[in-house]
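Just below is one structure, and these are the notes that go with it.
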Amino acid sequence: MKLYNTLTRKIEKFKPLQQGKVGMYSCGPTVYSHPHIGNFRSFLVADLLKRFLEFKGIKVTHIMNITDVGHLVDDADEGADKLEEAAKKQKKDPLEIAKVYTDSFLQASKLLNIKPPDKYPKATEHIKEMIDMIKILIDKGYAYVVGNNVYYDVTKFANYGQLSGNTLDDLNAGARIEINEEKKHPQDFALWKHDPKHLQQWDSPWGKGFPGWHIECSAMSSKYLGAEFDIHTGGEDNIFPHHECEIAQSEAASGKKFVHYWLHTRFLLFDGEKMSKSKGNLYTIQELIEKGFKKNAIRYSLISSHYRQNYNFTFDGLKAAEQAIDKIQQCVIRLEDIRKTAKQGKISEQVQKLFSDCLAEFDNALSDDLNISKALAVCFDFIREANKSDMNSAEASALLDTISKIDSVLGVLEAADTEVPENIKELAEKRKAAKLNKDWKAADAVRAEILAQGWTVEDTPGGGYRVKRAGEV
Ligand code: AMP
Ligand code: ZN
């Protein structure tokens, strides 16, 4: 498998630190507003990568943080804390704000069928770990205290700028006039901030205060994944300053290489502009669902373009995604019908080749720096062939299994609405009545009608039945 590594600016062969295992950290949401589909594009790239690694039999430990303090408006040391600002505007406590938007984020993640990470650590629950790391940085001479503030001394870290390409010389040339006279160097960044008016404060060896945003991810990633791990993901705006500063903190504290592969998702654009809270040009997952779009179509559209290219979000794109999923679902319906009604038999060489080639090509495509367009093309070629072939029940079953393996990565059939519509419930009752009357022909006809609408009905022991989406396990 090959991945583009922002750190080396090259496509590299992916080699995990430990064979068969991967540690992966993703910068999660700052919970001061409803996350938008741009944020979810970044989260879905992490989900796609994780699902693909699992498809390849790798055990992934995935951590995604929740930022509920310390992320300032300018992404560095200036401006209000985003959570505090929201709390003041809404006249609520910052923790209430965090809860509302964390819940909103978790709900949307579930709707999009994002596999929950092993842990969602919250910044406010890891203040001790941050303080411990800051103490180490001070002891090692990488950080200094001025009054009740602690800053990281960027001149002490020789590799500062390696990720973003922003060397200190370049940054100095373009620097704004620094208003913070406490800093030794204009690019030094805060690890601990004292602000008597801040709504969230903790005791520390440097007095009451709150942590900087960057130290959160360094402290939480090392707690759950160790000081050195495989993959770190985020959106392209995280490269600088956030991830550059994370490297400086973590490597200085541990003396080890922090992250081996850095993966950054390009922005989702709307009308050619970055979708963002500050521009106000955003849609949330819940809003798109309210507009009548299906959650799995939203998932499909957000994963269907390469992560290193901008994705221009359009409603036409969502409609095209619905049609694409429908094609897969229709194929599943047909195959399920064959599996249930056709003769048993052996799997022919031709069918064997069809699905093994498909799985190999799908794997090759995603192994090439997550080439999703190629992977989807492989999937639809397979669907076309599967729709053409005459086959027996065992063959249909093998092809269904192939679709389900592909969908373990795409996650779109899995994300289909599973709430059974009223008319399907009525048909299922009609079938039950026909069966009680021993009118097998009528019962079969109703079953076919249910299937044609994308649902299956299965009898359960004791005379009951279960209705599910075609293709659902
Ligand atoms: P935030 O909640 O601002 O901390 O952002 C959460 C994640 O979403 C970060 O990894 C950002 O880089 C990412 N992100 C923000 N806006 C976009 C966008 N328009 N497209 C893709 N990713 C984004
Ligand atoms: Zn982060």
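In the structure tokens, each chain is lettered A, B, ... as it comes, each chain's residues begin at 1, and ligands are numbered from 1 in order of appearance.
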Give me, as JSON lines, each residue of chain A that comes within 10 Å of ligand 2, together with its shortest interatomic pair and the distance in Å at one decimal, counting only C-alpha atoms and all ligand atoms, with rows ordered by chain and rising residue number.
```
{"residue": "A:Tyr25", "atom": "CA", "partner": "ligand 2", "partner_atom_place_in_ligand_line": "1 (Zn)", "distance": 8.6}
{"residue": "A:Ser26", "atom": "CA", "partner": "ligand 2", "partner_atom_place_in_ligand_line": "1 (Zn)", "distance": 7.0}
{"residue": "A:Cys27", "atom": "CA", "partner": "ligand 2", "partner_atom_place_in_ligand_line": "1 (Zn)", "distance": 4.0}
{"residue": "A:Gly28", "atom": "CA", "partner": "ligand 2", "partner_atom_place_in_ligand_line": "1 (Zn)", "distance": 6.7}
{"residue": "A:Pro29", "atom": "CA", "partner": "ligand 2", "partner_atom_place_in_ligand_line": "1 (Zn)", "distance": 8.7}
{"residue": "A:Thr30", "atom": "CA", "partner": "ligand 2", "partner_atom_place_in_ligand_line": "1 (Zn)", "distance": 9.3}
{"residue": "A:Met64", "atom": "CA", "partner": "ligand 2", "partner_atom_place_in_ligand_line": "1 (Zn)", "distance": 8.6}
{"residue": "A:Asn65", "atom": "CA", "partner": "ligand 2", "partner_atom_place_in_ligand_line": "1 (Zn)", "distance": 7.1}
{"residue": "A:Ile66", "atom": "CA", "partner": "ligand 2", "partner_atom_place_in_ligand_line": "1 (Zn)", "distance": 8.7}
{"residue": "A:Thr67", "atom": "CA", "partner": "ligand 2", "partner_atom_place_in_ligand_line": "1 (Zn)", "distance": 7.9}
{"residue": "A:His71", "atom": "CA", "partner": "ligand 2", "partner_atom_place_in_ligand_line": "1 (Zn)", "distance": 9.7}
{"residue": "A:Trp213", "atom": "CA", "partner": "ligand 2", "partner_atom_place_in_ligand_line": "1 (Zn)", "distance": 7.5}
{"residue": "A:His214", "atom": "CA", "partner": "ligand 2", "partner_atom_place_in_ligand_line": "1 (Zn)", "distance": 6.4}
{"residue": "A:Ile215", "atom": "CA", "partner": "ligand 2", "partner_atom_place_in_ligand_line": "1 (Zn)", "distance": 8.6}
{"residue": "A:Glu216", "atom": "CA", "partner": "ligand 2", "partner_atom_place_in_ligand_line": "1 (Zn)", "distance": 7.1}
{"residue": "A:Cys217", "atom": "CA", "partner": "ligand 2", "partner_atom_place_in_ligand_line": "1 (Zn)", "distance": 4.7}
{"residue": "A:Ser218", "atom": "CA", "partner": "ligand 2", "partner_atom_place_in_ligand_line": "1 (Zn)", "distance": 7.8}
{"residue": "A:Met220", "atom": "CA", "partner": "ligand 2", "partner_atom_place_in_ligand_line": "1 (Zn)", "distance": 9.3}
{"residue": "A:Ser221", "atom": "CA", "partner": "ligand 2", "partner_atom_place_in_ligand_line": "1 (Zn)", "distance": 9.0}
{"residue": "A:His232", "atom": "CA", "partner": "ligand 2", "partner_atom_place_in_ligand_line": "1 (Zn)", "distance": 9.1}
{"residue": "A:Thr233", "atom": "CA", "partner": "ligand 2", "partner_atom_place_in_ligand_line": "1 (Zn)", "distance": 8.8}
{"residue": "A:Gly234", "atom": "CA", "partner": "ligand 2", "partner_atom_place_in_ligand_line": "1 (Zn)", "distance": 7.5}
{"residue": "A:Gly235", "atom": "CA", "partner": "ligand 2", "partner_atom_place_in_ligand_line": "1 (Zn)", "distance": 9.9}
{"residue": "A:Asn238", "atom": "CA", "partner": "ligand 2", "partner_atom_place_in_ligand_line": "1 (Zn)", "distance": 7.4}
{"residue": "A:Ile239", "atom": "CA", "partner": "ligand 2", "partner_atom_place_in_ligand_line": "1 (Zn)", "distance": 9.8}
{"residue": "A:His242", "atom": "CA", "partner": "ligand 2", "partner_atom_place_in_ligand_line": "1 (Zn)", "distance": 6.6}
{"residue": "A:His243", "atom": "CA", "partner": "ligand 2", "partner_atom_place_in_ligand_line": "1 (Zn)", "distance": 7.0}
{"residue": "A:Cys245", "atom": "CA", "partner": "ligand 2", "partner_atom_place_in_ligand_line": "1 (Zn)", "distance": 9.9}
{"residue": "A:Glu246", "atom": "CA", "partner": "ligand 2", "partner_atom_place_in_ligand_line": "1 (Zn)", "distance": 7.9}
```
List as a tab-separated table every residue of chain A that is in contact with ligand 1, defined as an atom at most 7 Å from one of its atoms (using only C-alpha atoms and all ligand atoms), together with the nearest atom pair and the distance in Å rounded to one decimal, sorted by chain and then rising number.
```
residue	atom	partner	partner_atom_place_in_ligand_line	distance
A:Cys27	CA	ligand 1	10 (O)	5.2
A:Gly28	CA	ligand 1	6 (C)	5.3
A:Pro29	CA	ligand 1	2 (O)	3.6
A:Thr30	CA	ligand 1	2 (O)	3.8
A:Val31	CA	ligand 1	2 (O)	6.4
A:Pro35	CA	ligand 1	2 (O)	6.5
A:Gly38	CA	ligand 1	18 (C)	3.6
A:Asn39	CA	ligand 1	8 (O)	3.5
A:Phe40	CA	ligand 1	8 (O)	6.6
A:Arg41	CA	ligand 1	21 (C)	5.3
A:Ser42	CA	ligand 1	22 (N)	4.6
A:Gly234	CA	ligand 1	10 (O)	3.8
A:Gly235	CA	ligand 1	12 (O)	3.0
A:Glu236	CA	ligand 1	12 (O)	5.5
A:Asp237	CA	ligand 1	12 (O)	4.9
A:Asn238	CA	ligand 1	12 (O)	5.0
A:Thr265	CA	ligand 1	21 (C)	6.1
A:Arg266	CA	ligand 1	21 (C)	5.7
A:Phe267	CA	ligand 1	20 (N)	3.3
A:Leu268	CA	ligand 1	20 (N)	3.8
A:Leu269	CA	ligand 1	19 (N)	5.9
A:Lys274	CA	ligand 1	19 (N)	4.8
A:Met275	CA	ligand 1	19 (N)	4.1
A:Ser276	CA	ligand 1	16 (N)	5.5
```
Open item on the list: Going by DSSP on the backbone, which residues of segment 223-268 of chain A come out as strand (DSSP E)? List them as a list in words.
Closed with: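 The strand (DSSP E) residues within segment 223-268 of chain A come out as Phe229, Asp230, Ile231, His232, Thr233, Gly234, Gly235, Val259, His260, Tyr261, Trp262, Leu263, His264, Thr265 and Leu268 of chain A.
Among the candidates A:Ala320, A:Ile338, A:Ala360, A:Ala80, the one nearest to Asn387 of chain A when counting only C-alpha atoms is A:Ile338.
The interatomic distance for the pair atom CA of Ile134 of chain A and atom CA of Leu191 of chain A works out to 6.9 Å.
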Open item on the list: Going by DSSP on the backbone, which residues of segment 13-130 of chain A come out as alpha helix (DSSP H)? List them as an NGL selection string.
Closed with: :A and (37-55 or 82-90 or 94-111 or 127-130)
- [ ] Tell me which protein, DNA and RNA residues are within 12 Å of segment 308-319 of chain A, counting only C-alpha atoms, leaving out same-chain ones fewer than 3 positions away, and put them as an NGL selection string.
- [x] :A and (3-6 or 9 or 11 or 36-38 or 41-42 or 45 or 234-236 or 263-275 or 281-283 or 288-289 or 291-305 or 322-326 or 369-373)
TODO: Please identify all polymer residues within 9 Å of Ala252 of chain A, counting only C-alpha atoms, omitting same-chain residues fewer than 5 positions from it, and present them as a PyMOL selection string.
DONE: chain A and resi 136-137+140+142+157+247
How would the residues just chosen look if you wrote them out with N, CA and C atoms as a PDB file, in the first residue's frame?
```pdb
ATOM      1  N   ILE A 136       7.772  18.563  31.151  1.00  0.00           N
ATOM      2  CA  ILE A 136       8.933  17.922  30.493  1.00  0.00           C
ATOM      3  C   ILE A 136       9.576  18.909  29.516  1.00  0.00           C
ATOM      4  N   LEU A 137       8.729  19.616  28.767  1.00  0.00           N
ATOM      5  CA  LEU A 137       9.277  20.563  27.773  1.00  0.00           C
ATOM      6  C   LEU A 137      10.056  21.687  28.461  1.00  0.00           C
ATOM      7  N   LYS A 140      13.365  20.193  29.714  1.00  0.00           N
ATOM      8  CA  LYS A 140      14.331  19.925  28.641  1.00  0.00           C
ATOM      9  C   LYS A 140      14.785  21.201  27.936  1.00  0.00           C
ATOM     10  N   TYR A 142      12.876  23.318  26.144  1.00  0.00           N
ATOM     11  CA  TYR A 142      12.132  23.672  24.927  1.00  0.00           C
ATOM     12  C   TYR A 142      11.006  24.676  25.192  1.00  0.00           C
ATOM     13  N   PHE A 157      13.920  23.974  18.472  1.00  0.00           N
ATOM     14  CA  PHE A 157      13.572  22.738  17.753  1.00  0.00           C
ATOM     15  C   PHE A 157      14.039  22.873  16.303  1.00  0.00           C
ATOM     16  N   ILE A 247       4.297  18.286  16.208  1.00  0.00           N
ATOM     17  CA  ILE A 247       5.577  17.582  16.006  1.00  0.00           C
ATOM     18  C   ILE A 247       6.635  18.170  16.936  1.00  0.00           C
TER      19      ILE A 247
END
```
TODO: With a distance cut-off of 7 Å and only C-alpha atoms, select the neighbouring residues of Tyr160 of chain A, excluding the residue or stretch itself and same-chain residues fewer than 4 positions from it, and output the selection as a PyMOL selection string.
DONE: chain A and resi 154+167+244+248
